[in-house]
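Novice: Input file: input.cif. Contents: mmCIF, C-alpha atoms.
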```cif
data_target
#
loop_
_atom_site.label_atom_id
_atom_site.label_comp_id
_atom_site.auth_asym_id
_atom_site.auth_seq_id
_atom_site.Cartn_x
_atom_site.Cartn_y
_atom_site.Cartn_z
CA MET A 1 93.70 55.84 80.32
CA THR A 2 95.59 56.30 77.04
CA ASN A 3 96.95 54.03 74.30
CA PRO A 4 100.00 54.36 72.02
CA GLY A 5 99.33 55.64 68.51
CA SER A 6 101.10 54.58 65.32
CA ASP A 7 104.04 56.90 66.05
CA ASN A 8 104.27 55.70 69.68
CA THR A 9 102.78 58.90 71.05
CA LEU A 10 99.81 58.41 73.32
CA VAL A 11 96.32 58.80 71.92
CA ASP A 12 94.32 61.22 74.02
CA LYS A 13 91.05 60.17 75.57
CA PRO A 14 88.50 62.66 76.84
CA LEU A 15 87.84 63.27 80.51
CA VAL A 16 84.61 61.44 81.30
CA ILE A 17 83.08 61.64 84.77
CA ASP A 18 79.80 59.91 85.54
CA GLY A 19 79.11 59.50 81.83
CA LYS A 20 79.63 63.17 80.92
CA THR A 21 82.52 64.32 78.74
CA TYR A 22 84.47 67.45 79.65
CA GLN A 23 86.85 69.47 77.48
CA SER A 24 88.65 71.17 80.37
CA ARG A 25 90.81 69.14 82.75
CA LEU A 26 90.97 71.98 85.26
CA LEU A 27 88.45 71.90 88.10
CA VAL A 28 88.20 74.93 90.37
CA GLY A 29 86.77 75.91 93.73
CA THR A 30 84.82 78.98 94.79
CA GLY A 31 86.22 79.88 98.21
CA LYS A 32 88.56 82.64 99.39
CA TYR A 33 87.84 85.17 96.66
CA LYS A 34 87.36 88.84 97.56
CA ASN A 35 83.79 88.90 96.28
CA LEU A 36 81.40 87.16 93.91
CA ASP A 37 82.45 89.28 90.94
CA GLU A 38 86.06 88.14 91.29
CA THR A 39 84.84 84.57 91.71
CA ARG A 40 82.83 84.78 88.49
CA GLU A 41 85.63 86.37 86.46
CA ALA A 42 88.40 84.01 87.62
CA ILE A 43 86.31 80.91 86.99
CA ALA A 44 85.30 82.13 83.55
CA VAL A 45 88.93 82.80 82.58
CA SER A 46 90.04 79.38 83.89
CA GLY A 47 87.93 77.61 81.31
CA ALA A 48 86.80 75.12 83.97
CA GLU A 49 83.56 73.27 83.41
CA ILE A 50 83.34 71.67 86.87
CA VAL A 51 83.13 74.04 89.82
CA THR A 52 83.20 72.72 93.37
CA VAL A 53 81.26 74.37 96.19
CA ALA A 54 81.68 73.92 99.95
CA VAL A 55 78.07 73.43 101.02
CA ARG A 56 78.79 74.12 104.70
CA ARG A 57 80.47 77.46 103.92
CA THR A 58 78.74 78.77 100.80
CA ASN A 59 75.16 79.82 100.20
CA ILE A 60 73.60 77.94 97.31
CA GLY A 61 70.04 78.57 98.41
CA GLN A 62 69.95 77.45 102.03
CA ASN A 63 70.01 81.13 103.16
CA PRO A 64 67.51 83.04 101.00
CA ALA A 65 68.42 86.42 102.55
CA GLU A 66 72.10 86.16 101.52
CA PRO A 67 73.79 86.41 98.09
CA ASN A 68 73.56 83.10 96.26
CA LEU A 69 76.71 81.78 94.57
CA LEU A 70 74.58 80.16 91.88
CA ASP A 71 73.57 83.63 90.69
CA VAL A 72 77.11 84.09 89.30
CA ILE A 73 78.08 80.44 88.75
CA SER A 74 75.07 79.12 86.90
CA PRO A 75 74.28 75.38 86.92
CA ASP A 76 73.18 75.88 83.31
CA LYS A 77 76.78 76.67 82.37
CA TYR A 78 78.84 74.67 84.88
CA THR A 79 78.66 71.29 86.52
CA ILE A 80 78.26 72.21 90.17
CA LEU A 81 80.21 69.83 92.39
CA PRO A 82 79.06 70.11 96.03
CA ASN A 83 81.81 69.15 98.46
CA THR A 84 81.92 68.23 102.12
CA ALA A 85 84.74 70.56 103.16
CA GLY A 86 84.70 71.11 106.92
CA CYS A 87 83.34 67.65 107.71
CA TYR A 88 85.27 65.55 110.22
CA THR A 89 82.94 62.55 110.46
CA ALA A 90 81.27 60.29 107.94
CA LYS A 91 77.91 61.22 109.46
CA ASP A 92 78.40 64.94 108.81
CA ALA A 93 79.67 64.30 105.28
CA VAL A 94 76.66 62.16 104.37
CA ARG A 95 74.26 64.72 105.83
CA THR A 96 75.96 67.50 103.84
CA CYS A 97 75.66 65.58 100.57
CA LYS A 98 71.99 64.94 101.20
CA LEU A 99 71.44 68.66 101.84
CA ALA A 100 73.21 69.49 98.58
CA ARG A 101 71.07 67.01 96.68
CA GLU A 102 67.94 68.65 98.06
CA LEU A 103 69.13 72.18 97.28
CA LEU A 104 70.20 71.28 93.73
CA GLY A 105 67.09 69.41 92.71
CA GLY A 106 68.31 65.83 93.00
CA HIS A 107 71.94 66.44 91.94
CA GLU A 108 73.96 63.31 92.81
CA LEU A 109 77.55 64.10 91.74
CA VAL A 110 79.48 65.10 94.88
CA LYS A 111 83.03 65.54 96.09
CA LEU A 112 83.57 63.65 99.33
CA GLU A 113 86.19 64.75 101.80
CA VAL A 114 86.29 63.75 105.46
CA LEU A 115 89.12 65.44 107.33
CA GLY A 116 91.13 64.09 110.26
CA ASP A 117 91.98 67.32 112.07
CA GLN A 118 92.00 71.07 111.62
CA LYS A 119 95.79 71.44 111.58
CA THR A 120 96.76 69.10 108.73
CA LEU A 121 93.39 68.78 106.95
CA TYR A 122 94.56 65.32 105.98
CA PRO A 123 91.84 62.86 104.99
CA ASP A 124 90.51 60.55 107.69
CA ILE A 125 90.54 57.40 105.59
CA THR A 126 88.47 55.29 107.98
CA GLU A 127 85.64 57.83 107.98
CA THR A 128 86.06 58.44 104.24
CA LEU A 129 85.51 54.75 103.49
CA ILE A 130 82.42 54.65 105.68
CA ALA A 131 80.94 57.76 104.05
CA ALA A 132 81.78 56.62 100.52
CA GLU A 133 80.07 53.28 101.02
CA GLU A 134 76.91 54.87 102.42
CA LEU A 135 76.71 57.54 99.73
CA ILE A 136 77.22 55.08 96.88
CA LYS A 137 74.47 52.85 98.27
CA ASP A 138 72.20 55.91 98.36
CA GLY A 139 72.77 56.62 94.66
CA PHE A 140 75.39 59.36 94.88
CA LYS A 141 78.18 59.57 92.30
CA VAL A 142 81.23 60.10 94.49
CA MET A 143 84.45 61.86 93.56
CA VAL A 144 86.61 61.20 96.59
CA TYR A 145 89.48 63.16 98.17
CA THR A 146 92.08 60.82 99.64
CA THR A 147 95.74 60.37 100.51
CA ASP A 148 98.33 59.31 97.94
CA ASP A 149 98.16 55.70 99.17
CA PRO A 150 97.79 53.46 96.06
CA ILE A 151 96.06 50.69 98.04
CA ILE A 152 93.38 53.02 99.40
CA ALA A 153 92.94 54.68 96.00
CA LYS A 154 92.25 51.30 94.40
CA ARG A 155 89.87 50.29 97.17
CA LEU A 156 87.85 53.48 96.71
CA GLU A 157 87.65 52.81 92.99
CA GLU A 158 86.50 49.24 93.58
CA MET A 159 83.80 50.48 95.96
CA GLY A 160 82.29 52.45 93.09
CA CYS A 161 83.70 55.98 93.31
CA VAL A 162 83.50 57.66 89.90
CA ALA A 163 86.82 59.50 90.38
CA VAL A 164 89.66 59.28 92.88
CA MET A 165 91.41 62.49 93.95
CA PRO A 166 94.71 62.01 95.80
CA LEU A 167 96.30 65.05 97.39
CA GLY A 168 99.48 66.49 95.96
CA ALA A 169 100.24 68.14 99.32
CA PRO A 170 98.12 69.36 102.25
CA ILE A 171 95.10 71.53 101.41
CA GLY A 172 96.04 75.17 100.88
CA SER A 173 99.76 74.55 101.42
CA GLY A 174 100.93 75.41 97.91
CA LEU A 175 103.76 72.88 98.28
CA GLY A 176 103.18 71.23 94.92
CA ILE A 177 103.35 67.51 94.12
CA ARG A 178 105.30 66.06 97.06
CA ASN A 179 105.14 62.37 96.13
CA PRO A 180 104.97 61.93 92.36
CA TYR A 181 105.95 58.27 92.65
CA ASN A 182 102.83 57.37 94.61
CA ILE A 183 100.70 59.31 92.15
CA ARG A 184 102.24 57.30 89.32
CA MET A 185 101.47 54.03 91.10
CA ILE A 186 97.85 55.12 91.55
CA LEU A 187 97.64 55.97 87.85
CA GLU A 188 99.08 52.63 86.74
CA ASN A 189 96.28 50.69 88.44
CA ALA A 190 93.32 53.00 87.84
CA THR A 191 90.34 52.54 85.56
CA VAL A 192 88.53 55.70 86.74
CA PRO A 193 89.75 59.30 86.38
CA ILE A 194 92.56 60.29 88.76
CA LEU A 195 92.70 63.99 89.59
CA VAL A 196 95.23 65.68 91.85
CA ASP A 197 93.33 67.57 94.52
CA ALA A 198 95.07 69.94 96.97
CA GLY A 199 98.60 71.27 97.24
CA VAL A 200 99.00 73.09 93.93
CA GLY A 201 100.63 76.49 94.43
CA THR A 202 101.51 77.74 90.97
CA ALA A 203 101.26 76.84 87.31
CA SER A 204 104.31 74.57 87.23
CA ASP A 205 102.73 72.36 89.92
CA ALA A 206 99.67 71.84 87.75
CA THR A 207 101.87 71.04 84.76
CA ILE A 208 103.79 68.41 86.75
CA ALA A 209 100.55 66.74 87.81
CA MET A 210 99.42 66.54 84.20
CA GLU A 211 102.82 65.34 82.96
CA LEU A 212 102.51 62.40 85.34
CA GLY A 213 99.42 61.36 83.42
CA CYS A 214 96.70 62.62 85.75
CA ASP A 215 93.30 63.12 84.16
CA GLY A 216 92.88 66.53 85.74
CA VAL A 217 93.69 68.88 88.59
CA LEU A 218 91.38 70.50 91.13
CA MET A 219 92.45 73.68 92.87
CA ASN A 220 91.09 76.67 94.76
CA THR A 221 93.63 78.47 96.96
CA ALA A 222 96.32 78.57 94.26
CA ILE A 223 94.06 80.83 92.20
CA ALA A 224 92.02 82.64 94.85
CA ALA A 225 95.01 83.51 97.06
CA ALA A 226 97.20 84.76 94.20
CA GLN A 227 97.91 88.48 94.07
CA ASN A 228 96.02 88.54 90.78
CA PRO A 229 93.52 85.65 90.84
CA VAL A 230 92.19 86.26 87.33
CA MET A 231 95.66 86.22 85.82
CA MET A 232 96.55 83.08 87.82
CA ALA A 233 93.37 81.39 86.59
CA ARG A 234 94.51 82.03 83.03
CA ALA A 235 97.97 80.66 83.85
CA MET A 236 96.48 77.50 85.35
CA LYS A 237 94.37 76.90 82.27
CA GLY A 238 97.47 77.00 80.09
CA ALA A 239 99.51 74.93 82.54
CA VAL A 240 97.02 72.07 82.56
CA GLU A 241 96.79 72.08 78.77
CA CYS A 242 100.59 72.17 78.31
CA GLY A 243 101.12 69.43 80.87
CA ARG A 244 98.63 67.18 79.11
CA ASP A 245 100.30 67.77 75.74
CA ALA A 246 103.73 67.00 77.20
CA TYR A 247 102.44 63.76 78.72
CA LEU A 248 100.91 62.65 75.44
CA ALA A 249 104.01 63.61 73.45
CA GLY A 250 106.32 61.57 75.69
CA ARG A 251 109.39 63.19 77.18
CA MET A 252 112.93 62.37 76.09
CA PRO A 253 114.82 59.80 78.19
CA ARG A 254 116.85 61.10 81.11
CA LYS A 255 120.59 60.57 80.67
CA LEU A 256 123.46 60.81 83.10
CA TYR A 257 125.84 62.36 80.56
CA ALA A 258 125.56 64.98 77.84
CA SER A 259 124.34 64.16 74.36
CA ALA A 260 125.02 66.42 71.35
CA SER A 261 121.95 68.15 69.99
CA SER A 262 123.18 67.66 66.43
CA PRO A 263 124.58 64.31 65.19
CA ILE A 264 128.30 64.29 64.37
CA ASP A 265 128.25 61.29 61.98
CA GLY A 266 129.09 62.38 58.43
CA THR A 267 130.63 65.73 59.39
CA PHE A 268 133.46 66.99 57.15
CA PHE A 269 135.91 68.13 59.86
#
```
Take the structure I supplied and represent it as structure tokens, if you would.
Specialist:
Amino acid sequence: MTNPGSDNTLVDKPLVIDGKTYQSRLLVGTGKYKNLDETREAIAVSGAEIVTVAVRRTNIGQNPAEPNLLDVISPDKYTILPNTAGCYTAKDAVRTCKLARELLGGHELVKLEVLGDQKTLYPDITETLIAAEELIKDGFKVMVYTTDDPIIAKRLEEMGCVAVMPLGAPIGSGLGIRNPYNIRMILENATVPILVDAGVGTASDATIAMELGCDGVLMNTAIAAAQNPVMMARAMKGAVECGRDAYLAGRMPRKLYASASSPIDGTFF
């Protein structure tokens, strides 16, 4: 994903998904806000360029008599990323993506998630693999939500997914990055963007994900469920940017014992 520069710091590379370059590495959702005005304001403050929409739960034109999310989150300004939240079978996920493509005029970039049960909302990997294969064959560009299993992440990449999105912790839990070591293993073997999806609770969680070397972070509840969603959106924007800078700069080595901040060689007394 990155290469060392002349001073051994890493040279940044842009986030490119399905051939399009993005400046922001923060991706945000649209659920759980108080109203559409709060949704619009929080997303604007976040600086996100990719906005994900749960097609089964949000009106993007399928219900003409109801408020349309696209009236406040314009496809002219944002990349709309339809997702299959609420799907528990490959069949339902594929049908949902096809509906989104129809509603959005042939849009093929989608976020695939197929859940195992309503309690954990963990990915059902068997159904996810089935759905991913069918969608890719049908021309969809699939960003896929998965577990933090490095073997599965690599398999999804090899199938043709344009981005792999391992969870940091269960959806909506706010527990942060529970297994950074698995995330690092996924990153070491990846040639497509790796974005942490699910589990972020506050700004420091997003920073940790970026310091690991992730290409981006996707979140919804961490912003929408905050006491002040707009302020949290601003915090998340800064957290992702700071985490990326820290990763590129390269942290100091960890040491078991203390080390003086100022050298003592050549001191007079």
Novice: Residue by residue, what does the PyMOL selection byres ((chain A and resi 236-242) around 6) grab here? Present the result as number ranges by chain.
Specialist: A: 46, 203, 206-207, 233-235, 243-245
Novice: Between CA of Ile194 in chain A and CA of Val217 in chain A, what distance in Å does the model show, to one decimal?
Specialist: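 For CA of Ile194 in chain A relative to CA of Val217 in chain A, the distance reads 8.7 Å.
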Novice: Work out how far CA of Pro82 in chain A is from CA of Arg178 in chain A, in Å to one decimal.
Specialist: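 So the answer is 26.6 Å.
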Novice: To one decimal place, how far is CA of Leu109 in chain A from CA of Gly29 in chain A in Å?
Specialist: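 For CA of Leu109 in chain A relative to CA of Gly29 in chain A, the distance reads 15.1 Å.
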Novice: I need the residue set behind the PyMOL selection byres ((chain A and resi 169-175) around 7) for this file; please write it as a list of chain:residue names.
Specialist: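 Taken over the shown coordinates, the PyMOL selection byres ((chain A and resi 169-175) around 7) returns A:Thr120, A:Leu121, A:Tyr122, A:Leu167, A:Gly168, A:Gly176, A:Ile177, A:Arg178, A:Ala198, A:Gly199, A:Val200, A:Gly201, A:Thr221, A:Ala222.
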Novice: What's around Asn179 in chain A at 8 Å? Count only C-alpha atoms, leave out sequence neighbours fewer than 3 positions away in its own chain, and write the answer as a list of chain:residue names.
Specialist: A:Asp148, A:Gly168, A:Asn182, A:Ile183
Novice: Which residues, written as a VMD selection string, have at least one atom at most 6 Å from range 37-44 of chain A, with all atoms listed in the file counted and residues fewer than 2 positions away on the same chain left out?
Specialist: chain A and resid 33 35 46 to 47 72 230 233
Novice: Would you output that residue set with C-alpha atoms, as an mmCIF file, in the frame of the given file?
Specialist:
```
data_model
loop_
_atom_site.group_PDB
_atom_site.id
_atom_site.type_symbol
_atom_site.label_atom_id
_atom_site.label_comp_id
_atom_site.auth_asym_id
_atom_site.auth_seq_id
_atom_site.Cartn_x
_atom_site.Cartn_y
_atom_site.Cartn_z
ATOM 1 C CA TYR A 33 87.840 85.170 96.660
ATOM 2 C CA ASN A 35 83.790 88.900 96.280
ATOM 3 C CA SER A 46 90.040 79.380 83.890
ATOM 4 C CA GLY A 47 87.930 77.610 81.310
ATOM 5 C CA VAL A 72 77.110 84.090 89.300
ATOM 6 C CA VAL A 230 92.190 86.260 87.330
ATOM 7 C CA ALA A 233 93.370 81.390 86.590
#
```
Novice: Measuring atom to atom with all atoms listed in the file, identify which of A:Arg95, A:Arg155, A:Lys20, A:Arg25 is nearest to Gly213 in chain A.
Specialist: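 Looking at the shortest contact to Gly213 in chain A, the residue is A:Arg25.
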Novice: Set out as a Markdown table a contact list for range 87-121 of chain A and range 75-80 of chain A with a cut-off of 12 Å, giving each residue of range 87-121 of chain A that qualifies its closest atom pair and distance in Å to one decimal, counting all atoms listed in the file, ordered by chain and rising residue number.
Specialist:
```
| residue | atom | partner | partner_atom | distance |
| --- | --- | --- | --- | --- |
| A:Ala100 | CA | A:Ile80 | CA | 10.2 |
| A:Arg101 | CA | A:Ile80 | CA | 11.0 |
| A:Leu103 | CA | A:Ile80 | CA | 11.6 |
| A:Leu104 | CA | A:Ile80 | CA | 8.9 |
| A:Gly105 | CA | A:Pro75 | CA | 11.0 |
| A:His107 | CA | A:Ile80 | CA | 8.7 |
| A:Glu108 | CA | A:Ile80 | CA | 10.2 |
| A:Leu109 | CA | A:Ile80 | CA | 8.3 |
| A:Val110 | CA | A:Ile80 | CA | 8.6 |
| A:Lys111 | CA | A:Ile80 | CA | 10.1 |
```
Novice: Residues within 12 Å of (78.2, 76.4, 104.7), file coordinates, counting all atoms listed in the file: what are they? Give the list as a PyMOL selection string.
Specialist: chain A and resi 31+53-63+66+68-69+82-87+96-97+99-100
Novice: Using all atoms listed in the file, which of the listed residues (A:Asp138, A:Leu70, A:Ala131, A:Gly116) sits closest to Asp92 in chain A?
Specialist: A:Ala131
Novice: Decode the PyMOL selection byres ((chain A and resi 18) around 8) for the given file into explicit residues and return them as number ranges by chain.
Specialist: A: 16-17, 19-20, 109, 141, 162
Novice: Given 5 Å on each side, where is the centre and what are the edge lengths in Å to one decimal of the axis-aligned box enclosing the listed atoms of range 26-43 of chain A, as lines of an AutoDock Vina configuration file?
Specialist:
```
center_x = 86.2
center_y = 80.6
center_z = 92.3
size_x = 19.6
size_y = 27.4
size_z = 24.1
```
Novice: If I only have part of range 246-257 of chain A, can you fill in all heavy atoms and write it as a tab-separated table (two decimals), in the frame of the given file?
Specialist:
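Now in out_4.tsv:
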```
chain	number	residue	atom	x	y	z
A	246	ALA	N	102.40	67.56	76.95
A	246	ALA	CA	103.73	67.00	77.20
A	246	ALA	C	103.64	65.52	77.57
A	246	ALA	O	104.46	64.71	77.13
A	246	ALA	CB	104.42	67.78	78.32
A	247	TYR	N	102.64	65.16	78.36
A	247	TYR	CA	102.44	63.76	78.72
A	247	TYR	C	102.15	62.92	77.49
A	247	TYR	O	102.73	61.84	77.30
A	247	TYR	CB	101.29	63.64	79.71
A	247	TYR	CG	100.79	62.23	79.91
A	247	TYR	CD1	101.58	61.27	80.55
A	247	TYR	CD2	99.54	61.85	79.42
A	247	TYR	CE1	101.13	59.97	80.71
A	247	TYR	CE2	99.07	60.56	79.59
A	247	TYR	CZ	99.87	59.61	80.22
A	247	TYR	OH	99.42	58.32	80.38
A	248	LEU	N	101.27	63.40	76.64
A	248	LEU	CA	100.91	62.65	75.44
A	248	LEU	C	102.07	62.54	74.46
A	248	LEU	O	102.25	61.52	73.79
A	248	LEU	CB	99.71	63.30	74.76
A	248	LEU	CG	98.39	63.27	75.55
A	248	LEU	CD1	97.35	64.15	74.86
A	248	LEU	CD2	97.88	61.84	75.69
A	249	ALA	N	102.88	63.61	74.38
A	249	ALA	CA	104.01	63.61	73.45
A	249	ALA	C	105.10	62.64	73.88
A	249	ALA	O	105.79	62.05	73.05
A	249	ALA	CB	104.58	65.02	73.34
A	250	GLY	N	105.28	62.46	75.19
A	250	GLY	CA	106.32	61.57	75.69
A	250	GLY	C	107.66	62.28	75.79
A	250	GLY	O	108.23	62.67	74.77
A	251	ARG	N	108.15	62.46	77.01
A	251	ARG	CA	109.39	63.19	77.18
A	251	ARG	C	110.59	62.37	76.73
A	251	ARG	O	110.54	61.14	76.65
A	251	ARG	CB	109.56	63.63	78.63
A	251	ARG	CG	109.72	62.50	79.64
A	251	ARG	CD	110.42	62.96	80.92
A	251	ARG	NE	111.82	63.26	80.64
A	251	ARG	CZ	112.47	64.31	81.15
A	251	ARG	NH1	111.85	65.15	81.95
A	251	ARG	NH2	113.73	64.50	80.86
A	252	MET	N	111.69	63.04	76.44
A	252	MET	CA	112.93	62.37	76.09
A	252	MET	C	113.45	61.58	77.30
A	252	MET	O	113.13	61.91	78.45
A	252	MET	CB	113.98	63.39	75.67
A	252	MET	CG	114.36	64.39	76.77
A	252	MET	SD	115.82	65.36	76.37
A	252	MET	CE	117.13	64.15	76.63
A	253	PRO	N	114.25	60.55	77.07
A	253	PRO	CA	114.82	59.80	78.19
A	253	PRO	C	115.80	60.66	78.99
A	253	PRO	O	116.49	61.52	78.43
A	253	PRO	CB	115.56	58.64	77.51
A	253	PRO	CG	115.03	58.58	76.12
A	253	PRO	CD	114.62	59.97	75.77
A	254	ARG	N	115.84	60.44	80.29
A	254	ARG	CA	116.85	61.10	81.11
A	254	ARG	C	118.18	60.37	80.94
A	254	ARG	O	118.22	59.14	80.89
A	254	ARG	CB	116.44	61.09	82.58
A	254	ARG	CG	115.26	62.00	82.89
A	254	ARG	CD	114.92	61.93	84.37
A	254	ARG	NE	113.94	62.93	84.77
A	254	ARG	CZ	112.63	62.76	84.70
A	254	ARG	NH1	112.14	61.60	84.24
A	254	ARG	NH2	111.80	63.71	85.07
A	255	LYS	N	119.26	61.14	80.85
A	255	LYS	CA	120.59	60.57	80.67
A	255	LYS	C	121.55	61.15	81.69
A	255	LYS	O	121.44	62.33	82.06
A	255	LYS	CB	121.11	60.86	79.25
A	255	LYS	CG	120.23	60.28	78.14
A	255	LYS	CD	120.77	60.67	76.77
A	255	LYS	CE	119.86	60.13	75.66
A	255	LYS	NZ	120.37	60.52	74.32
A	256	LEU	N	122.49	60.34	82.12
A	256	LEU	CA	123.46	60.81	83.10
A	256	LEU	C	124.46	61.78	82.48
A	256	LEU	O	124.89	62.74	83.11
A	256	LEU	CB	124.20	59.62	83.72
A	256	LEU	CG	125.24	59.93	84.79
A	256	LEU	CD1	124.59	60.65	85.97
A	256	LEU	CD2	125.94	58.66	85.25
A	257	TYR	N	124.83	61.53	81.21
A	257	TYR	CA	125.84	62.36	80.56
A	257	TYR	C	125.25	63.14	79.40
A	257	TYR	O	124.15	62.85	78.92
A	257	TYR	CB	127.00	61.48	80.07
A	257	TYR	CG	127.75	60.82	81.20
A	257	TYR	CD1	127.54	59.47	81.49
A	257	TYR	CD2	128.64	61.54	81.99
A	257	TYR	CE1	128.22	58.86	82.54
A	257	TYR	CE2	129.31	60.95	83.04
A	257	TYR	CZ	129.09	59.61	83.32
A	257	TYR	OH	129.75	59.01	84.35
```
